[in-house]
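Colleague: File name upload-v6.pdb; file contents PDB, C-alpha atoms; full text below.
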ATOM      1  CA  MET A   1      35.434 -27.079 -10.640  1.00  0.00           C
ATOM      2  CA  PRO A   2      35.986 -23.729  -8.889  1.00  0.00           C
ATOM      3  CA  ASP A   3      36.734 -22.053 -12.247  1.00  0.00           C
ATOM      4  CA  GLU A   4      33.559 -23.488 -13.796  1.00  0.00           C
ATOM      5  CA  LYS A   5      30.981 -20.828 -14.701  1.00  0.00           C
ATOM      6  CA  ASN A   6      27.818 -21.296 -12.664  1.00  0.00           C
ATOM      7  CA  ASN A   7      24.700 -21.067 -14.824  1.00  0.00           C
ATOM      8  CA  SER A   8      22.581 -20.205 -11.784  1.00  0.00           C
ATOM      9  CA  GLN A   9      24.484 -16.985 -11.021  1.00  0.00           C
ATOM     10  CA  CYS A  10      23.088 -13.798 -12.570  1.00  0.00           C
ATOM     11  CA  GLN A  11      23.102 -10.013 -12.551  1.00  0.00           C
ATOM     12  CA  ILE A  12      19.705  -8.310 -12.531  1.00  0.00           C
ATOM     13  CA  ASN A  13      18.702  -6.226 -15.543  1.00  0.00           C
ATOM     14  CA  ASP A  14      15.395  -5.426 -17.277  1.00  0.00           C
ATOM     15  CA  LYS A  15      15.384  -8.673 -19.297  1.00  0.00           C
ATOM     16  CA  ASN A  16      15.898 -11.097 -16.409  1.00  0.00           C
ATOM     17  CA  ARG A  17      14.133  -9.300 -13.557  1.00  0.00           C
ATOM     18  CA  GLU A  18      11.564 -12.123 -13.219  1.00  0.00           C
ATOM     19  CA  ASP A  19      14.218 -14.866 -13.099  1.00  0.00           C
ATOM     20  CA  CYS A  20      16.984 -13.359 -10.976  1.00  0.00           C
ATOM     21  CA  HIS A  21      16.410 -12.944  -7.270  1.00  0.00           C
ATOM     22  CA  CYS A  22      18.892 -11.781  -4.679  1.00  0.00           C
ATOM     23  CA  ALA A  23      19.221 -11.805  -0.922  1.00  0.00           C
ATOM     24  CA  ALA A  24      17.889  -8.836   1.012  1.00  0.00           C
ATOM     25  CA  THR A  25      21.359  -7.252   0.850  1.00  0.00           C
ATOM     26  CA  GLY A  26      21.319  -7.373  -2.965  1.00  0.00           C
ATOM     27  CA  GLY A  27      24.107  -9.922  -3.228  1.00  0.00           C
ATOM     28  CA  ASN A  28      24.216 -13.607  -4.131  1.00  0.00           C
ATOM     29  CA  CYS A  29      21.793 -13.384  -7.044  1.00  0.00           C
ATOM     30  CA  VAL A  30      20.377 -16.689  -8.285  1.00  0.00           C
ATOM     31  CA  ASN A  31      18.692 -17.444 -11.605  1.00  0.00           C
ATOM     32  CA  SER A  32      15.559 -19.356 -10.620  1.00  0.00           C
ATOM     33  CA  HIS A  33      14.682 -20.279 -14.257  1.00  0.00           C
ATOM     34  CA  PHE A  34      11.120 -19.071 -13.601  1.00  0.00           C
ATOM     35  CA  THR A  35      10.436 -18.117 -17.232  1.00  0.00           C
ATOM     36  CA  LEU A  36      11.703 -21.506 -18.420  1.00  0.00           C
ATOM     37  CA  ALA A  37       9.321 -23.199 -15.966  1.00  0.00           C
ATOM     38  CA  ILE A  38       6.387 -21.112 -17.269  1.00  0.00           C
ATOM     39  CA  VAL A  39       7.216 -22.088 -20.866  1.00  0.00           C
ATOM     40  CA  ALA A  40       7.375 -25.746 -19.785  1.00  0.00           C
ATOM     41  CA  VAL A  41       3.950 -25.469 -18.109  1.00  0.00           C
ATOM     42  CA  LEU A  42       2.417 -23.905 -21.225  1.00  0.00           C
ATOM     43  CA  LEU A  43       3.909 -26.533 -23.551  1.00  0.00           C
ATOM     44  CA  SER A  44       2.973 -29.420 -21.249  1.00  0.00           C
ATOM     45  CA  CYS A  45      -0.695 -28.582 -21.730  1.00  0.00           C
ATOM     46  CA  PHE A  46      -0.416 -29.906 -25.299  1.00  0.00           C
ATOM     47  CA  THR A  47       0.797 -33.382 -24.335  1.00  0.00           C
ATOM     48  CA  GLY A  48      -0.607 -34.100 -20.896  1.00  0.00           C
ATOM     49  CA  PHE A  49       0.298 -37.225 -18.914  1.00  0.00           C
ATOM     50  CA  PHE A  50       3.318 -36.786 -16.684  1.00  0.00           C
ATOM     51  CA  THR A  51       4.674 -33.728 -18.496  1.00  0.00           C
ATOM     52  CA  ILE A  52       2.150 -31.589 -16.630  1.00  0.00           C
ATOM     53  CA  ALA A  53       3.439 -32.958 -13.332  1.00  0.00           C
ATOM     54  CA  LEU A  54       7.059 -32.334 -14.381  1.00  0.00           C
ATOM     55  CA  ALA A  55       6.276 -28.780 -15.434  1.00  0.00           C
ATOM     56  CA  LEU A  56       4.351 -27.997 -12.266  1.00  0.00           C
ATOM     57  CA  ALA A  57       7.189 -29.425 -10.187  1.00  0.00           C
ATOM     58  CA  ALA A  58       9.578 -27.118 -12.054  1.00  0.00           C
ATOM     59  CA  LEU A  59       7.310 -24.136 -11.418  1.00  0.00           C
ATOM     60  CA  ILE A  60       7.003 -24.894  -7.703  1.00  0.00           C
ATOM     61  CA  LEU A  61      10.762 -25.396  -7.426  1.00  0.00           C
ATOM     62  CA  ALA A  62      11.369 -22.102  -9.262  1.00  0.00           C
ATOM     63  CA  LEU A  63       9.259 -20.283  -6.698  1.00  0.00           C
ATOM     64  CA  ARG A  64      11.108 -22.129  -3.934  1.00  0.00           C
ATOM     65  CA  ALA A  65      14.461 -21.076  -5.437  1.00  0.00           C
ATOM     66  CA  GLN A  66      13.303 -17.467  -5.416  1.00  0.00           C
ATOM     67  CA  ASP A  67      12.323 -17.717  -1.750  1.00  0.00           C
ATOM     68  CA  LEU A  68      15.619 -19.346  -0.832  1.00  0.00           C
ATOM     69  CA  ALA A  69      17.541 -16.639  -2.691  1.00  0.00           C
ATOM     70  CA  ARG A  70      15.629 -13.888  -0.884  1.00  0.00           C
ATOM     71  CA  ASP A  71      16.302 -15.548   2.468  1.00  0.00           C
ATOM     72  CA  GLY A  72      20.026 -15.684   1.730  1.00  0.00           C
ATOM     73  CA  HIS A  73      20.330 -19.471   1.284  1.00  0.00           C
ATOM     74  CA  THR A  74      22.325 -19.160  -1.922  1.00  0.00           C
ATOM     75  CA  GLN A  75      23.676 -22.701  -2.199  1.00  0.00           C
ATOM     76  CA  GLU A  76      20.259 -24.272  -1.655  1.00  0.00           C
ATOM     77  CA  ALA A  77      18.733 -21.817  -4.138  1.00  0.00           C
ATOM     78  CA  LYS A  78      21.333 -22.728  -6.777  1.00  0.00           C
ATOM     79  CA  SER A  79      20.729 -26.431  -6.204  1.00  0.00           C
ATOM     80  CA  THR A  80      16.970 -25.939  -6.497  1.00  0.00           C
ATOM     81  CA  ALA A  81      17.413 -23.810  -9.627  1.00  0.00           C
ATOM     82  CA  PHE A  82      19.450 -26.628 -11.174  1.00  0.00           C
ATOM     83  CA  TRP A  83      16.529 -29.037 -10.711  1.00  0.00           C
ATOM     84  CA  VAL A  84      14.143 -26.438 -12.126  1.00  0.00           C
ATOM     85  CA  ALA A  85      16.239 -26.343 -15.290  1.00  0.00           C
ATOM     86  CA  VAL A  86      16.412 -30.152 -15.470  1.00  0.00           C
ATOM     87  CA  PHE A  87      12.647 -30.618 -15.058  1.00  0.00           C
ATOM     88  CA  SER A  88      11.829 -27.771 -17.451  1.00  0.00           C
ATOM     89  CA  TRP A  89      14.144 -28.918 -20.240  1.00  0.00           C
ATOM     90  CA  LEU A  90      13.010 -32.524 -19.788  1.00  0.00           C
ATOM     91  CA  THR A  91       9.395 -31.413 -20.146  1.00  0.00           C
ATOM     92  CA  ILE A  92      10.184 -29.366 -23.251  1.00  0.00           C
ATOM     93  CA  ALA A  93      12.100 -32.276 -24.801  1.00  0.00           C
ATOM     94  CA  ILE A  94       9.230 -34.698 -24.179  1.00  0.00           C
ATOM     95  CA  VAL A  95       6.743 -32.229 -25.664  1.00  0.00           C
ATOM     96  CA  LEU A  96       8.834 -31.603 -28.777  1.00  0.00           C
ATOM     97  CA  LEU A  97       9.763 -35.230 -29.548  1.00  0.00           C
ATOM     98  CA  PRO A  98       6.426 -36.084 -31.228  1.00  0.00           C
ATOM     99  CA  VAL A  99       6.562 -32.852 -33.247  1.00  0.00           C
ATOM    100  CA  ILE A 100      10.075 -33.653 -34.445  1.00  0.00           C
ATOM    101  CA  ALA A 101       9.050 -37.234 -35.247  1.00  0.00           C
ATOM    102  CA  VAL A 102       6.129 -36.069 -37.392  1.00  0.00           C
ATOM    103  CA  VAL A 103       8.236 -33.473 -39.202  1.00  0.00           C
ATOM    104  CA  PHE A 104      11.030 -35.896 -40.075  1.00  0.00           C
ATOM    105  CA  PHE A 105       9.101 -39.148 -40.397  1.00  0.00           C
ATOM    106  CA  GLY A 106       5.611 -37.920 -41.336  1.00  0.00           C
ATOM    107  CA  GLY A 107       5.793 -39.304 -44.879  1.00  0.00           C
ATOM    108  CA  ALA A 108       6.925 -42.711 -43.686  1.00  0.00           C
ATOM    109  CA  ILE A 109       4.215 -42.788 -41.032  1.00  0.00           C
ATOM    110  CA  MET A 110       1.537 -41.919 -43.611  1.00  0.00           C
ATOM    111  CA  ALA A 111       2.888 -44.558 -46.037  1.00  0.00           C
ATOM    112  CA  LEU A 112       2.813 -47.166 -43.261  1.00  0.00           C
ATOM    113  CA  LEU A 113      -0.746 -46.261 -42.323  1.00  0.00           C
ATOM    114  CA  GLY A 114      -1.760 -46.358 -46.003  1.00  0.00           C
ATOM    115  CA  ALA A 115      -0.185 -49.805 -46.417  1.00  0.00           C
ATOM    116  CA  ILE A 116      -1.960 -51.092 -43.327  1.00  0.00           C
ATOM    117  CA  LEU A 117      -5.308 -49.732 -44.488  1.00  0.00           C
ATOM    118  CA  SER A 118      -4.933 -51.085 -48.035  1.00  0.00           C
ATOM    119  CA  ALA A 119      -4.038 -54.544 -46.727  1.00  0.00           C
ATOM    120  CA  ALA A 120      -7.184 -54.710 -44.596  1.00  0.00           C
TER
END
Could you express the structure from this file as structure tokens?

Modeller:
Amino acid sequence: MPDEKNNSQCQINDKNREDCHCAATGGNCVNSHFTLAIVAVLLSCFTGFFTIALALAALILALRAQDLARDGHTQEAKSTAFWVAVFSWLTIAIVLLPVIAVVFFGGAIMALLGAILSAA
């Protein structure tokens, strides 16, 4: 596992300035997945239910990861950033499942509804 590339490690540039936060010394940069959490919050507004709670949890954890990275708690920040990614991607998957279902099975769903209505 030591040779495994850590997805939470990052180098700051213009594209990832919002996501990558470092300790006060400028070292130990951590990708907080803040942008991913914002996208999850925006998409969760379309489905509601518990996806909003998942997305808000991801957003709060992203802000917490940024604070931990600034305070120099790199390991805790990386662990928190991992959970941000999990919650964000889970939210996005739950939001996109109905869209994918309609795209692939829309004709079958309409035929089923038509059959049900014609039988009534």

Colleague: Once the PyMOL selection byres ((chain A and resi 51-59) around 12) has been evaluated on this model, what residues remain selected, and can you format them as an MDAnalysis selection string?

Modeller: chainID A and resid 19 32:50 60:66 80:96

Colleague: Store the residues of this selection in a file with C-alpha atoms, as an mmCIF file, in the frame of the given file.

Modeller:
data_model
loop_
_atom_site.group_PDB
_atom_site.id
_atom_site.type_symbol
_atom_site.label_atom_id
_atom_site.label_comp_id
_atom_site.auth_asym_id
_atom_site.auth_seq_id
_atom_site.Cartn_x
_atom_site.Cartn_y
_atom_site.Cartn_z
ATOM 1 C CA ASP A 19 14.218 -14.866 -13.099
ATOM 2 C CA SER A 32 15.559 -19.356 -10.620
ATOM 3 C CA HIS A 33 14.682 -20.279 -14.257
ATOM 4 C CA PHE A 34 11.120 -19.071 -13.601
ATOM 5 C CA THR A 35 10.436 -18.117 -17.232
ATOM 6 C CA LEU A 36 11.703 -21.506 -18.420
ATOM 7 C CA ALA A 37 9.321 -23.199 -15.966
ATOM 8 C CA ILE A 38 6.387 -21.112 -17.269
ATOM 9 C CA VAL A 39 7.216 -22.088 -20.866
ATOM 10 C CA ALA A 40 7.375 -25.746 -19.785
ATOM 11 C CA VAL A 41 3.950 -25.469 -18.109
ATOM 12 C CA LEU A 42 2.417 -23.905 -21.225
ATOM 13 C CA LEU A 43 3.909 -26.533 -23.551
ATOM 14 C CA SER A 44 2.973 -29.420 -21.249
ATOM 15 C CA CYS A 45 -0.695 -28.582 -21.730
ATOM 16 C CA PHE A 46 -0.416 -29.906 -25.299
ATOM 17 C CA THR A 47 0.797 -33.382 -24.335
ATOM 18 C CA GLY A 48 -0.607 -34.100 -20.896
ATOM 19 C CA PHE A 49 0.298 -37.225 -18.914
ATOM 20 C CA PHE A 50 3.318 -36.786 -16.684
ATOM 21 C CA ILE A 60 7.003 -24.894 -7.703
ATOM 22 C CA LEU A 61 10.762 -25.396 -7.426
ATOM 23 C CA ALA A 62 11.369 -22.102 -9.262
ATOM 24 C CA LEU A 63 9.259 -20.283 -6.698
ATOM 25 C CA ARG A 64 11.108 -22.129 -3.934
ATOM 26 C CA ALA A 65 14.461 -21.076 -5.437
ATOM 27 C CA GLN A 66 13.303 -17.467 -5.416
ATOM 28 C CA THR A 80 16.970 -25.939 -6.497
ATOM 29 C CA ALA A 81 17.413 -23.810 -9.627
ATOM 30 C CA PHE A 82 19.450 -26.628 -11.174
ATOM 31 C CA TRP A 83 16.529 -29.037 -10.711
ATOM 32 C CA VAL A 84 14.143 -26.438 -12.126
ATOM 33 C CA ALA A 85 16.239 -26.343 -15.290
ATOM 34 C CA VAL A 86 16.412 -30.152 -15.470
ATOM 35 C CA PHE A 87 12.647 -30.618 -15.058
ATOM 36 C CA SER A 88 11.829 -27.771 -17.451
ATOM 37 C CA TRP A 89 14.144 -28.918 -20.240
ATOM 38 C CA LEU A 90 13.010 -32.524 -19.788
ATOM 39 C CA THR A 91 9.395 -31.413 -20.146
ATOM 40 C CA ILE A 92 10.184 -29.366 -23.251
ATOM 41 C CA ALA A 93 12.100 -32.276 -24.801
ATOM 42 C CA ILE A 94 9.230 -34.698 -24.179
ATOM 43 C CA VAL A 95 6.743 -32.229 -25.664
ATOM 44 C CA LEU A 96 8.834 -31.603 -28.777
#

Colleague: Any chance you could resolve the PyMOL selection byres ((chain A and resi 69) around 9) against this file and give the residues as a PyMOL selection string?

Modeller: chain A and resi 20-24+28-30+32+64-68+70-78

Colleague: Work out how far CA of Val102 (chain A) is from CA of Ile116 (chain A), in Å to one decimal.

Modeller: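 Taking CA of Ile116 (chain A) and CA of Val102 (chain A), their separation equals 18.1 Å.
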
Colleague: If you measure from CA of Leu112 (chain A) to CA of Val99 (chain A), what distance in Å do you get, rounded to one decimal?

Modeller: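 About the pair CA of Leu112 (chain A) and CA of Val99 (chain A): they are 17.9 Å apart.
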